[in-house]
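Asker: File name query-v6.pdb; file contents PDB, C-alpha atoms, pLDDT in the B column; full text below.
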```pdb
ATOM      1  CA  MET Q   1      60.182-132.555 -11.683  1.00 60.00           C
ATOM      2  CA  SER Q   2      58.861-130.743  -8.611  1.00 82.00           C
ATOM      3  CA  ASP Q   3      55.251-129.647  -8.241  1.00 94.00           C
ATOM      4  CA  LEU Q   4      56.322-126.063  -8.939  1.00 96.00           C
ATOM      5  CA  ALA Q   5      58.161-127.087 -12.099  1.00 97.00           C
ATOM      6  CA  ASP Q   6      55.077-128.997 -13.290  1.00 97.00           C
ATOM      7  CA  ASN Q   7      52.818-126.059 -12.488  1.00 97.00           C
ATOM      8  CA  LEU Q   8      55.101-123.618 -14.266  1.00 98.00           C
ATOM      9  CA  ALA Q   9      55.121-125.777 -17.389  1.00 97.00           C
ATOM     10  CA  ARG Q  10      51.303-125.900 -17.385  1.00 97.00           C
ATOM     11  CA  VAL Q  11      50.980-122.152 -16.809  1.00 98.00           C
ATOM     12  CA  GLU Q  12      53.462-121.343 -19.571  1.00 98.00           C
ATOM     13  CA  ALA Q  13      51.604-123.624 -21.983  1.00 98.00           C
ATOM     14  CA  ALA Q  14      48.307-121.940 -21.096  1.00 98.00           C
ATOM     15  CA  ILE Q  15      49.787-118.465 -21.546  1.00 98.00           C
ATOM     16  CA  ALA Q  16      51.219-119.436 -24.924  1.00 98.00           C
ATOM     17  CA  ALA Q  17      47.845-120.857 -25.998  1.00 98.00           C
ATOM     18  CA  ALA Q  18      46.004-117.714 -24.863  1.00 98.00           C
ATOM     19  CA  CYS Q  19      48.463-115.487 -26.729  1.00 98.00           C
ATOM     20  CA  LYS Q  20      48.110-117.594 -29.870  1.00 98.00           C
ATOM     21  CA  ALA Q  21      44.307-117.442 -29.670  1.00 98.00           C
ATOM     22  CA  ALA Q  22      44.495-113.661 -29.295  1.00 98.00           C
ATOM     23  CA  GLY Q  23      46.957-113.299 -32.178  1.00 98.00           C
ATOM     24  CA  ARG Q  24      49.624-111.899 -29.882  1.00 98.00           C
ATOM     25  CA  PRO Q  25      53.280-112.892 -29.386  1.00 98.00           C
ATOM     26  CA  ARG Q  26      54.117-114.494 -26.035  1.00 97.00           C
ATOM     27  CA  SER Q  27      56.719-111.789 -25.470  1.00 97.00           C
ATOM     28  CA  GLU Q  28      53.971-109.175 -25.019  1.00 98.00           C
ATOM     29  CA  VAL Q  29      52.782-110.712 -21.733  1.00 98.00           C
ATOM     30  CA  GLU Q  30      54.889-110.535 -18.564  1.00 98.00           C
ATOM     31  CA  LEU Q  31      54.308-113.172 -15.892  1.00 98.00           C
ATOM     32  CA  VAL Q  32      54.374-111.972 -12.285  1.00 98.00           C
ATOM     33  CA  ALA Q  33      54.661-114.900  -9.865  1.00 98.00           C
ATOM     34  CA  VAL Q  34      52.567-113.983  -6.830  1.00 98.00           C
ATOM     35  CA  SER Q  35      54.516-115.392  -3.920  1.00 97.00           C
ATOM     36  CA  LYS Q  36      52.612-113.749  -1.069  1.00 94.00           C
ATOM     37  CA  THR Q  37      52.398-115.933   2.076  1.00 93.00           C
ATOM     38  CA  HIS Q  38      54.807-118.475   0.563  1.00 95.00           C
ATOM     39  CA  PRO Q  39      58.244-118.857   2.199  1.00 94.00           C
ATOM     40  CA  SER Q  40      61.498-117.598   0.771  1.00 95.00           C
ATOM     41  CA  THR Q  41      62.557-121.190   0.056  1.00 94.00           C
ATOM     42  CA  THR Q  42      59.728-121.439  -2.472  1.00 95.00           C
ATOM     43  CA  ILE Q  43      60.878-118.214  -4.095  1.00 96.00           C
ATOM     44  CA  VAL Q  44      64.422-119.571  -4.347  1.00 95.00           C
ATOM     45  CA  GLU Q  45      63.099-122.630  -6.184  1.00 95.00           C
ATOM     46  CA  ALA Q  46      61.072-120.416  -8.493  1.00 97.00           C
ATOM     47  CA  VAL Q  47      64.114-118.301  -9.374  1.00 96.00           C
ATOM     48  CA  GLU Q  48      66.109-121.455 -10.069  1.00 93.00           C
ATOM     49  CA  LEU Q  49      63.335-122.477 -12.490  1.00 95.00           C
ATOM     50  CA  GLY Q  50      63.687-119.206 -14.384  1.00 95.00           C
ATOM     51  CA  LEU Q  51      61.077-116.945 -12.802  1.00 98.00           C
ATOM     52  CA  HIS Q  52      62.393-113.459 -12.083  1.00 97.00           C
ATOM     53  CA  VAL Q  53      59.387-111.176 -11.484  1.00 98.00           C
ATOM     54  CA  PHE Q  54      57.409-111.619  -8.259  1.00 98.00           C
ATOM     55  CA  GLY Q  55      54.412-110.019  -6.589  1.00 98.00           C
ATOM     56  CA  GLU Q  56      53.946-109.539  -2.857  1.00 98.00           C
ATOM     57  CA  ASN Q  57      50.986-108.080  -0.959  1.00 96.00           C
ATOM     58  CA  ARG Q  58      52.382-106.838   2.334  1.00 96.00           C
ATOM     59  CA  VAL Q  59      55.388-104.703   3.144  1.00 97.00           C
ATOM     60  CA  GLN Q  60      56.253-106.308   6.473  1.00 95.00           C
ATOM     61  CA  GLU Q  61      55.967-109.842   5.125  1.00 95.00           C
ATOM     62  CA  PHE Q  62      58.445-109.151   2.369  1.00 97.00           C
ATOM     63  CA  VAL Q  63      60.854-107.290   4.643  1.00 95.00           C
ATOM     64  CA  GLN Q  64      61.678-110.593   6.344  1.00 93.00           C
ATOM     65  CA  LYS Q  65      61.787-112.532   3.079  1.00 95.00           C
ATOM     66  CA  SER Q  66      64.114-109.982   1.516  1.00 94.00           C
ATOM     67  CA  VAL Q  67      66.629-110.494   4.329  1.00 93.00           C
ATOM     68  CA  GLU Q  68      66.619-114.228   3.635  1.00 94.00           C
ATOM     69  CA  LEU Q  69      66.844-113.757  -0.137  1.00 95.00           C
ATOM     70  CA  VAL Q  70      69.797-111.380   0.152  1.00 91.00           C
ATOM     71  CA  VAL Q  71      71.872-114.046   1.881  1.00 87.00           C
ATOM     72  CA  SER Q  72      70.673-116.947  -0.311  1.00 86.00           C
ATOM     73  CA  ARG Q  73      72.909-117.546  -3.321  1.00 87.00           C
ATOM     74  CA  MET Q  74      72.221-119.151  -6.649  1.00 81.00           C
ATOM     75  CA  PRO Q  75      73.847-122.566  -7.105  1.00 73.00           C
ATOM     76  CA  ASN Q  76      76.868-122.758  -9.380  1.00 74.00           C
ATOM     77  CA  ALA Q  77      77.967-125.904 -11.211  1.00 70.00           C
ATOM     78  CA  ASP Q  78      81.606-125.334 -10.222  1.00 74.00           C
ATOM     79  CA  GLY Q  79      80.775-124.987  -6.534  1.00 68.00           C
ATOM     80  CA  VAL Q  80      81.569-121.267  -6.370  1.00 75.00           C
ATOM     81  CA  PRO Q  81      78.771-119.247  -4.725  1.00 75.00           C
ATOM     82  CA  GLY Q  82      76.789-117.408  -7.362  1.00 83.00           C
ATOM     83  CA  PRO Q  83      74.864-114.122  -7.165  1.00 90.00           C
ATOM     84  CA  THR Q  84      72.296-113.603  -4.424  1.00 93.00           C
ATOM     85  CA  VAL Q  85      68.774-114.744  -5.171  1.00 94.00           C
ATOM     86  CA  ARG Q  86      67.458-111.232  -4.467  1.00 95.00           C
ATOM     87  CA  SER Q  87      69.719-109.764  -7.158  1.00 94.00           C
ATOM     88  CA  GLN Q  88      68.084-112.071  -9.716  1.00 94.00           C
ATOM     89  CA  MET Q  89      64.562-110.837  -8.921  1.00 96.00           C
ATOM     90  CA  ARG Q  90      62.270-107.885  -9.446  1.00 97.00           C
ATOM     91  CA  VAL Q  91      59.619-107.683  -6.762  1.00 98.00           C
ATOM     92  CA  HIS Q  92      56.416-105.672  -7.202  1.00 98.00           C
ATOM     93  CA  LEU Q  93      54.117-104.629  -4.381  1.00 98.00           C
ATOM     94  CA  ILE Q  94      50.668-105.574  -5.658  1.00 98.00           C
ATOM     95  CA  GLY Q  95      48.680-105.096  -2.442  1.00 96.00           C
ATOM     96  CA  HIS Q  96      47.290-101.921  -0.932  1.00 95.00           C
ATOM     97  CA  LEU Q  97      49.968 -99.618   0.476  1.00 97.00           C
ATOM     98  CA  GLN Q  98      49.316 -97.213   3.324  1.00 95.00           C
ATOM     99  CA  SER Q  99      51.096 -93.917   2.815  1.00 94.00           C
ATOM    100  CA  ASN Q 100      52.835 -94.173   6.196  1.00 96.00           C
ATOM    101  CA  LYS Q 101      54.636 -97.305   4.928  1.00 96.00           C
ATOM    102  CA  ALA Q 102      55.890 -95.687   1.721  1.00 97.00           C
ATOM    103  CA  ALA Q 103      59.492 -95.330   2.904  1.00 96.00           C
ATOM    104  CA  LYS Q 104      59.758 -98.953   3.985  1.00 96.00           C
ATOM    105  CA  ALA Q 105      58.174-100.113   0.712  1.00 97.00           C
ATOM    106  CA  VAL Q 106      60.716 -98.165  -1.336  1.00 96.00           C
ATOM    107  CA  ASP Q 107      63.542 -99.837   0.571  1.00 94.00           C
ATOM    108  CA  VAL Q 108      62.466-103.391  -0.302  1.00 95.00           C
ATOM    109  CA  PHE Q 109      60.392-103.297  -3.519  1.00 96.00           C
ATOM    110  CA  ASP Q 110      61.440-102.635  -7.101  1.00 96.00           C
ATOM    111  CA  ALA Q 111      58.025-101.360  -8.218  1.00 97.00           C
ATOM    112  CA  ILE Q 112      54.645-100.377  -6.766  1.00 98.00           C
ATOM    113  CA  ASP Q 113      51.677-101.677  -8.767  1.00 98.00           C
ATOM    114  CA  SER Q 114      48.931-100.356  -6.485  1.00 97.00           C
ATOM    115  CA  LEU Q 115      49.204 -96.564  -6.462  1.00 98.00           C
ATOM    116  CA  ASP Q 116      45.795 -95.171  -5.526  1.00 97.00           C
ATOM    117  CA  SER Q 117      46.129 -91.601  -4.256  1.00 97.00           C
ATOM    118  CA  VAL Q 118      47.953 -88.322  -4.741  1.00 97.00           C
ATOM    119  CA  LYS Q 119      49.123 -88.463  -1.116  1.00 97.00           C
ATOM    120  CA  LEU Q 120      50.717 -91.871  -1.635  1.00 98.00           C
ATOM    121  CA  ALA Q 121      52.396 -90.733  -4.857  1.00 98.00           C
ATOM    122  CA  GLU Q 122      53.940 -87.768  -3.078  1.00 98.00           C
ATOM    123  CA  ARG Q 123      55.093 -89.940  -0.171  1.00 98.00           C
ATOM    124  CA  LEU Q 124      56.691 -92.458  -2.544  1.00 98.00           C
ATOM    125  CA  ASP Q 125      58.406 -89.727  -4.532  1.00 97.00           C
ATOM    126  CA  ALA Q 126      59.907 -88.234  -1.383  1.00 97.00           C
ATOM    127  CA  ALA Q 127      60.885 -91.675  -0.080  1.00 96.00           C
ATOM    128  CA  VAL Q 128      62.788 -92.565  -3.252  1.00 96.00           C
ATOM    129  CA  GLY Q 129      64.676 -89.297  -3.043  1.00 94.00           C
ATOM    130  CA  ASP Q 130      65.601 -89.937   0.576  1.00 93.00           C
ATOM    131  CA  SER Q 131      66.289 -93.684   0.460  1.00 91.00           C
ATOM    132  CA  PRO Q 132      69.911 -94.873   0.643  1.00 88.00           C
ATOM    133  CA  LEU Q 133      68.722 -98.383  -0.282  1.00 83.00           C
ATOM    134  CA  TYR Q 134      66.713 -97.801  -3.455  1.00 82.00           C
ATOM    135  CA  THR Q 135      69.064 -98.478  -6.361  1.00 77.00           C
ATOM    136  CA  GLY Q 136      66.927 -97.425  -9.303  1.00 77.00           C
ATOM    137  CA  SER Q 137      66.753 -93.940 -10.777  1.00 83.00           C
ATOM    138  CA  ARG Q 138      62.935 -93.798 -10.837  1.00 95.00           C
ATOM    139  CA  LEU Q 139      60.399 -96.047  -9.123  1.00 97.00           C
ATOM    140  CA  PRO Q 140      57.985 -97.713 -11.600  1.00 98.00           C
ATOM    141  CA  VAL Q 141      54.349 -97.404 -10.522  1.00 98.00           C
ATOM    142  CA  LEU Q 142      50.971 -98.534 -11.791  1.00 98.00           C
ATOM    143  CA  VAL Q 143      47.748 -96.720 -10.945  1.00 98.00           C
ATOM    144  CA  GLU Q 144      45.192 -99.103  -9.472  1.00 98.00           C
ATOM    145  CA  ILE Q 145      41.698 -98.720 -10.887  1.00 98.00           C
ATOM    146  CA  LYS Q 146      38.581-100.056  -9.188  1.00 96.00           C
ATOM    147  CA  LEU Q 147      36.214-101.506 -11.778  1.00 92.00           C
ATOM    148  CA  SER Q 148      34.336-103.793  -9.373  1.00 80.00           C
ATOM    149  CA  LEU Q 149      31.540-102.972  -6.959  1.00 74.00           C
ATOM    150  CA  GLU Q 150      33.053-105.246  -4.307  1.00 71.00           C
ATOM    151  CA  GLU Q 151      33.762-103.302  -1.132  1.00 70.00           C
ATOM    152  CA  THR Q 152      37.024-105.161  -0.519  1.00 69.00           C
ATOM    153  CA  LYS Q 153      38.553-103.964  -3.792  1.00 77.00           C
ATOM    154  CA  ALA Q 154      40.938-101.007  -3.634  1.00 84.00           C
ATOM    155  CA  GLY Q 155      41.754 -98.468  -6.304  1.00 95.00           C
ATOM    156  CA  LEU Q 156      40.492 -95.247  -7.836  1.00 96.00           C
ATOM    157  CA  ALA Q 157      37.153 -95.036  -9.608  1.00 95.00           C
ATOM    158  CA  PRO Q 158      37.670 -94.437 -13.331  1.00 96.00           C
ATOM    159  CA  ASP Q 159      35.566 -91.264 -13.236  1.00 94.00           C
ATOM    160  CA  SER Q 160      36.941 -89.894  -9.971  1.00 95.00           C
ATOM    161  CA  LYS Q 161      38.356 -86.426  -9.504  1.00 96.00           C
ATOM    162  CA  GLU Q 162      41.352 -87.844  -7.637  1.00 96.00           C
ATOM    163  CA  LEU Q 163      42.328 -89.993 -10.616  1.00 97.00           C
ATOM    164  CA  VAL Q 164      42.540 -86.871 -12.761  1.00 96.00           C
ATOM    165  CA  GLU Q 165      44.507 -85.070 -10.045  1.00 97.00           C
ATOM    166  CA  LEU Q 166      46.903 -87.994  -9.716  1.00 98.00           C
ATOM    167  CA  LEU Q 167      47.557 -88.220 -13.450  1.00 97.00           C
ATOM    168  CA  GLU Q 168      48.215 -84.477 -13.587  1.00 97.00           C
ATOM    169  CA  ARG Q 169      50.556 -84.693 -10.596  1.00 97.00           C
ATOM    170  CA  LEU Q 170      52.609 -87.703 -11.694  1.00 98.00           C
ATOM    171  CA  PRO Q 171      54.662 -85.976 -14.433  1.00 97.00           C
ATOM    172  CA  THR Q 172      55.928 -83.491 -11.832  1.00 97.00           C
ATOM    173  CA  LEU Q 173      57.206 -86.190  -9.464  1.00 97.00           C
ATOM    174  CA  THR Q 174      60.769 -86.719 -10.630  1.00 94.00           C
ATOM    175  CA  HIS Q 175      61.401 -89.968  -8.725  1.00 96.00           C
ATOM    176  CA  LEU Q 176      58.339 -91.863 -10.034  1.00 97.00           C
ATOM    177  CA  GLU Q 177      57.731 -93.409 -13.443  1.00 97.00           C
ATOM    178  CA  ALA Q 178      54.056 -94.071 -14.190  1.00 97.00           C
ATOM    179  CA  GLN Q 179      53.913 -97.088 -16.489  1.00 98.00           C
ATOM    180  CA  GLY Q 180      50.242 -98.018 -16.729  1.00 98.00           C
ATOM    181  CA  LEU Q 181      47.150 -99.284 -14.936  1.00 98.00           C
ATOM    182  CA  MET Q 182      46.224-102.261 -12.758  1.00 98.00           C
ATOM    183  CA  THR Q 183      42.876-103.774 -11.808  1.00 97.00           C
ATOM    184  CA  ILE Q 184      41.367-106.851 -10.195  1.00 95.00           C
ATOM    185  CA  ALA Q 185      38.284-108.310 -11.861  1.00 93.00           C
ATOM    186  CA  PRO Q 186      35.250-109.236  -9.745  1.00 90.00           C
ATOM    187  CA  LEU Q 187      35.175-112.796  -8.453  1.00 88.00           C
ATOM    188  CA  ASP Q 188      32.620-115.461  -9.334  1.00 87.00           C
ATOM    189  CA  VAL Q 189      30.890-113.590 -12.129  1.00 91.00           C
ATOM    190  CA  PRO Q 190      30.034-114.691 -15.691  1.00 94.00           C
ATOM    191  CA  GLU Q 191      32.890-114.748 -18.167  1.00 95.00           C
ATOM    192  CA  ALA Q 192      31.349-111.907 -20.154  1.00 95.00           C
ATOM    193  CA  GLU Q 193      31.461-109.649 -17.094  1.00 95.00           C
ATOM    194  CA  THR Q 194      35.103-110.501 -16.452  1.00 96.00           C
ATOM    195  CA  ARG Q 195      36.021-109.724 -20.046  1.00 96.00           C
ATOM    196  CA  ALA Q 196      34.077-106.469 -19.884  1.00 96.00           C
ATOM    197  CA  CYS Q 197      36.123-105.435 -16.842  1.00 96.00           C
ATOM    198  CA  PHE Q 198      39.412-106.080 -18.634  1.00 97.00           C
ATOM    199  CA  ARG Q 199      38.185-104.350 -21.779  1.00 98.00           C
ATOM    200  CA  ALA Q 200      37.132-101.341 -19.712  1.00 97.00           C
ATOM    201  CA  LEU Q 201      40.652-101.003 -18.292  1.00 98.00           C
ATOM    202  CA  ARG Q 202      42.185-101.090 -21.762  1.00 98.00           C
ATOM    203  CA  LEU Q 203      39.768 -98.488 -23.077  1.00 98.00           C
ATOM    204  CA  LEU Q 204      40.323 -96.318 -20.001  1.00 97.00           C
ATOM    205  CA  ARG Q 205      44.087 -96.524 -20.504  1.00 97.00           C
ATOM    206  CA  ASP Q 206      43.713 -95.410 -24.122  1.00 97.00           C
ATOM    207  CA  LYS Q 207      41.499 -92.515 -23.048  1.00 97.00           C
ATOM    208  CA  LEU Q 208      43.816 -91.406 -20.247  1.00 97.00           C
ATOM    209  CA  ALA Q 209      46.923 -91.648 -22.429  1.00 94.00           C
ATOM    210  CA  GLN Q 210      45.292 -89.329 -24.937  1.00 95.00           C
ATOM    211  CA  ALA Q 211      44.150 -86.891 -22.248  1.00 95.00           C
ATOM    212  CA  HIS Q 212      47.545 -86.881 -20.483  1.00 96.00           C
ATOM    213  CA  PRO Q 213      50.200 -86.898 -23.227  1.00 94.00           C
ATOM    214  CA  LYS Q 214      53.025 -86.354 -20.733  1.00 94.00           C
ATOM    215  CA  LEU Q 215      52.431 -89.873 -19.429  1.00 95.00           C
ATOM    216  CA  HIS Q 216      53.437 -93.118 -21.143  1.00 93.00           C
ATOM    217  CA  LEU Q 217      51.107 -95.927 -20.019  1.00 97.00           C
ATOM    218  CA  PRO Q 218      51.969 -99.141 -21.892  1.00 97.00           C
ATOM    219  CA  VAL Q 219      51.355-101.583 -19.023  1.00 98.00           C
ATOM    220  CA  LEU Q 220      47.975-103.204 -18.361  1.00 98.00           C
ATOM    221  CA  SER Q 221      48.268-105.436 -15.283  1.00 98.00           C
ATOM    222  CA  MET Q 222      45.140-107.576 -15.175  1.00 98.00           C
ATOM    223  CA  GLY Q 223      44.298-111.235 -14.911  1.00 97.00           C
ATOM    224  CA  MET Q 224      45.092-113.824 -12.263  1.00 97.00           C
ATOM    225  CA  SER Q 225      45.119-117.632 -12.018  1.00 96.00           C
ATOM    226  CA  GLY Q 226      41.442-118.064 -12.852  1.00 94.00           C
ATOM    227  CA  ASP Q 227      41.016-115.474 -15.582  1.00 96.00           C
ATOM    228  CA  PHE Q 228      44.373-114.623 -17.164  1.00 98.00           C
ATOM    229  CA  ALA Q 229      43.400-116.080 -20.561  1.00 98.00           C
ATOM    230  CA  LEU Q 230      40.496-113.608 -20.737  1.00 98.00           C
ATOM    231  CA  ALA Q 231      42.828-110.793 -19.711  1.00 98.00           C
ATOM    232  CA  ILE Q 232      45.291-111.707 -22.450  1.00 98.00           C
ATOM    233  CA  ALA Q 233      42.442-111.704 -24.974  1.00 98.00           C
ATOM    234  CA  GLU Q 234      41.572-108.164 -23.875  1.00 98.00           C
ATOM    235  CA  GLY Q 235      45.116-106.791 -24.035  1.00 98.00           C
ATOM    236  CA  ALA Q 236      46.855-107.562 -20.728  1.00 98.00           C
ATOM    237  CA  THR Q 237      50.599-106.962 -20.819  1.00 98.00           C
ATOM    238  CA  ARG Q 238      51.186-108.220 -17.262  1.00 98.00           C
ATOM    239  CA  ILE Q 239      49.386-111.077 -15.509  1.00 98.00           C
ATOM    240  CA  ARG Q 240      49.646-112.006 -11.834  1.00 98.00           C
ATOM    241  CA  ILE Q 241      49.677-115.754 -11.178  1.00 98.00           C
ATOM    242  CA  GLY Q 242      49.826-117.224  -7.679  1.00 97.00           C
ATOM    243  CA  THR Q 243      47.666-120.281  -6.990  1.00 96.00           C
ATOM    244  CA  ALA Q 244      48.202-121.867 -10.408  1.00 97.00           C
ATOM    245  CA  LEU Q 245      51.952-121.774  -9.755  1.00 97.00           C
ATOM    246  CA  PHE Q 246      52.403-122.259  -6.036  1.00 96.00           C
ATOM    247  CA  GLY Q 247      49.175-124.016  -5.028  1.00 91.00           C
ATOM    248  CA  SER Q 248      46.896-122.907  -2.219  1.00 81.00           C
ATOM    249  CA  ARG Q 249      48.407-120.205  -0.068  1.00 69.00           C
ATOM    250  CA  PRO Q 250      49.379-121.040   3.490  1.00 63.00           C
ATOM    251  CA  GLN Q 251      47.636-118.757   5.942  1.00 60.00           C
ATOM    252  CA  PRO Q 252      49.988-116.150   7.474  1.00 52.00           C
ATOM    253  CA  LYS Q 253      50.620-116.507  11.188  1.00 52.00           C
TER
END
```
Spit out the file's structure as structure tokens when you get a sec.
Answerer:
Amino acid sequence: MSDLADNLARVEAAIAAACKAAGRPRSEVELVAVSKTHPSTTIVEAVELGLHVFGENRVQEFVQKSVELVVSRMPNADGVPGPTVRSQMRVHLIGHLQSNKAAKAVDVFDAIDSLDSVKLAERLDAAVGDSPLYTGSRLPVLVEIKLSLEETKAGLAPDSKELVELLERLPTLTHLEAQGLMTIAPLDVPEAETRACFRALRLLRDKLAQAHPKLHLPVLSMGMSGDFALAIAEGATRIRIGTALFGSRPQPK
């Protein structure tokens, strides 16, 4: 087995154990393989191992990868070229997106998990309507919430006026489908603080869903390589795993 295959087996076992401890079925938790800074060849191997949902941080980085993945084909036992690797994947943008890159993001991503402003929502909605490349009917989006005091963290404050404005605006944007919330827990803090962050996102989602009945917000994207078991315990439906699967990230040139 390759290193990636070994890592995937360990991650899957840990996810299953966390779900069992939380009294939840494994099917409730979606694994997003965070492939940022890793080459397209690594993604091809991951798809061959059965991974189909990926997370990338930067638009321009994935533009080049997507070209390579469109021409790469899945191996077939009979020697006939199979479907393209890209057609076997769903790729989510999980990093911060500048509104002036909305059109390019719509062309290459299947979902945006880091929506953090009304302006960006409107740009994405217009871009989907105008894009000849986007094949879906509506673009799935998650609203990113900032629950950490770290300056480097992006997202909307849970008590911000813009969050309310965004949630009121989303039902009117016919090309977007709001599916839930995303957050990143603070780094290097006690376990109790990490759990409190994840619990706060779940409680905020419940509150916002009640206050905005036109929205359906089932997805809670929270938890990464170092804390996904805590996230699962607090109700995560989507976890983002990079290092535990692919190892340390190579630094982008």
Asker: As a short mmCIF file (atom, residue, chain, number, x, y, z; two decimals) with C-alpha atoms, in the frame of the given file, please: the residues near Pro186 of chain Q (cut-off 8 Å, only C-alpha atoms, same-chain neighbours under 3 positions excluded).
Answerer:
```
data_model
loop_
_atom_site.label_atom_id
_atom_site.label_comp_id
_atom_site.auth_asym_id
_atom_site.auth_seq_id
_atom_site.Cartn_x
_atom_site.Cartn_y
_atom_site.Cartn_z
CA SER Q 148 34.34 -103.79 -9.37
CA LEU Q 149 31.54 -102.97 -6.96
CA GLU Q 150 33.05 -105.25 -4.31
CA VAL Q 189 30.89 -113.59 -12.13
CA THR Q 194 35.10 -110.50 -16.45
#
```
Asker: Using all atoms listed in the file, which protein or nucleic acid residues come within 6 Å of segment 240-247 of chain Q? Drop anything in the same chain fewer than 6 positions from it, and give the result as JSON, numbers by chain.
Answerer: {"Q": [7, 8, 32, 33, 34, 224, 225]}
Asker: Would you kindly return, as a VMD selection string, each protein, DNA or RNA residue with an atom no farther than 9 Å from any atom of Thr41 of chain Q, considering only C-alpha atoms and excluding same-chain residues fewer than 5 positions away?
Answerer: chain Q and resid 46 68 to 69
Asker: Place a sphere of radius 9 Å on (57.6, -124.9, -11.2) in the file coordinates and name every protein, DNA or RNA residue with an atom inside or on its surface, counting all atoms listed in the file; give the answer as a VMD selection string.
Answerer: chain Q and resid 1 to 10 45 to 46 49 to 51 245 to 246
Asker: So which residues get picked by the PyMOL selection byres ((chain Q and resi 179) around 12) here, written as a ChimeraX atom specification?
Answerer: /Q:111-115,138-144,167,170-171,176-178,180-182,205,209,214-221,237-238
Asker: One number please: atom CA of Pro39 of chain Q to atom CA of Gly226 of chain Q, in Å, one decimal.
Answerer: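 Pair atom CA of Pro39 of chain Q / atom CA of Gly226 of chain Q returns 22.6 Å.
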Asker: With the file shown as input, list the residues that the PyMOL selection byres ((chain Q and resi 35) around 7) selects, as a ChimeraX atom specification.
Answerer: /Q:33-34,36-38,43,54-56,242
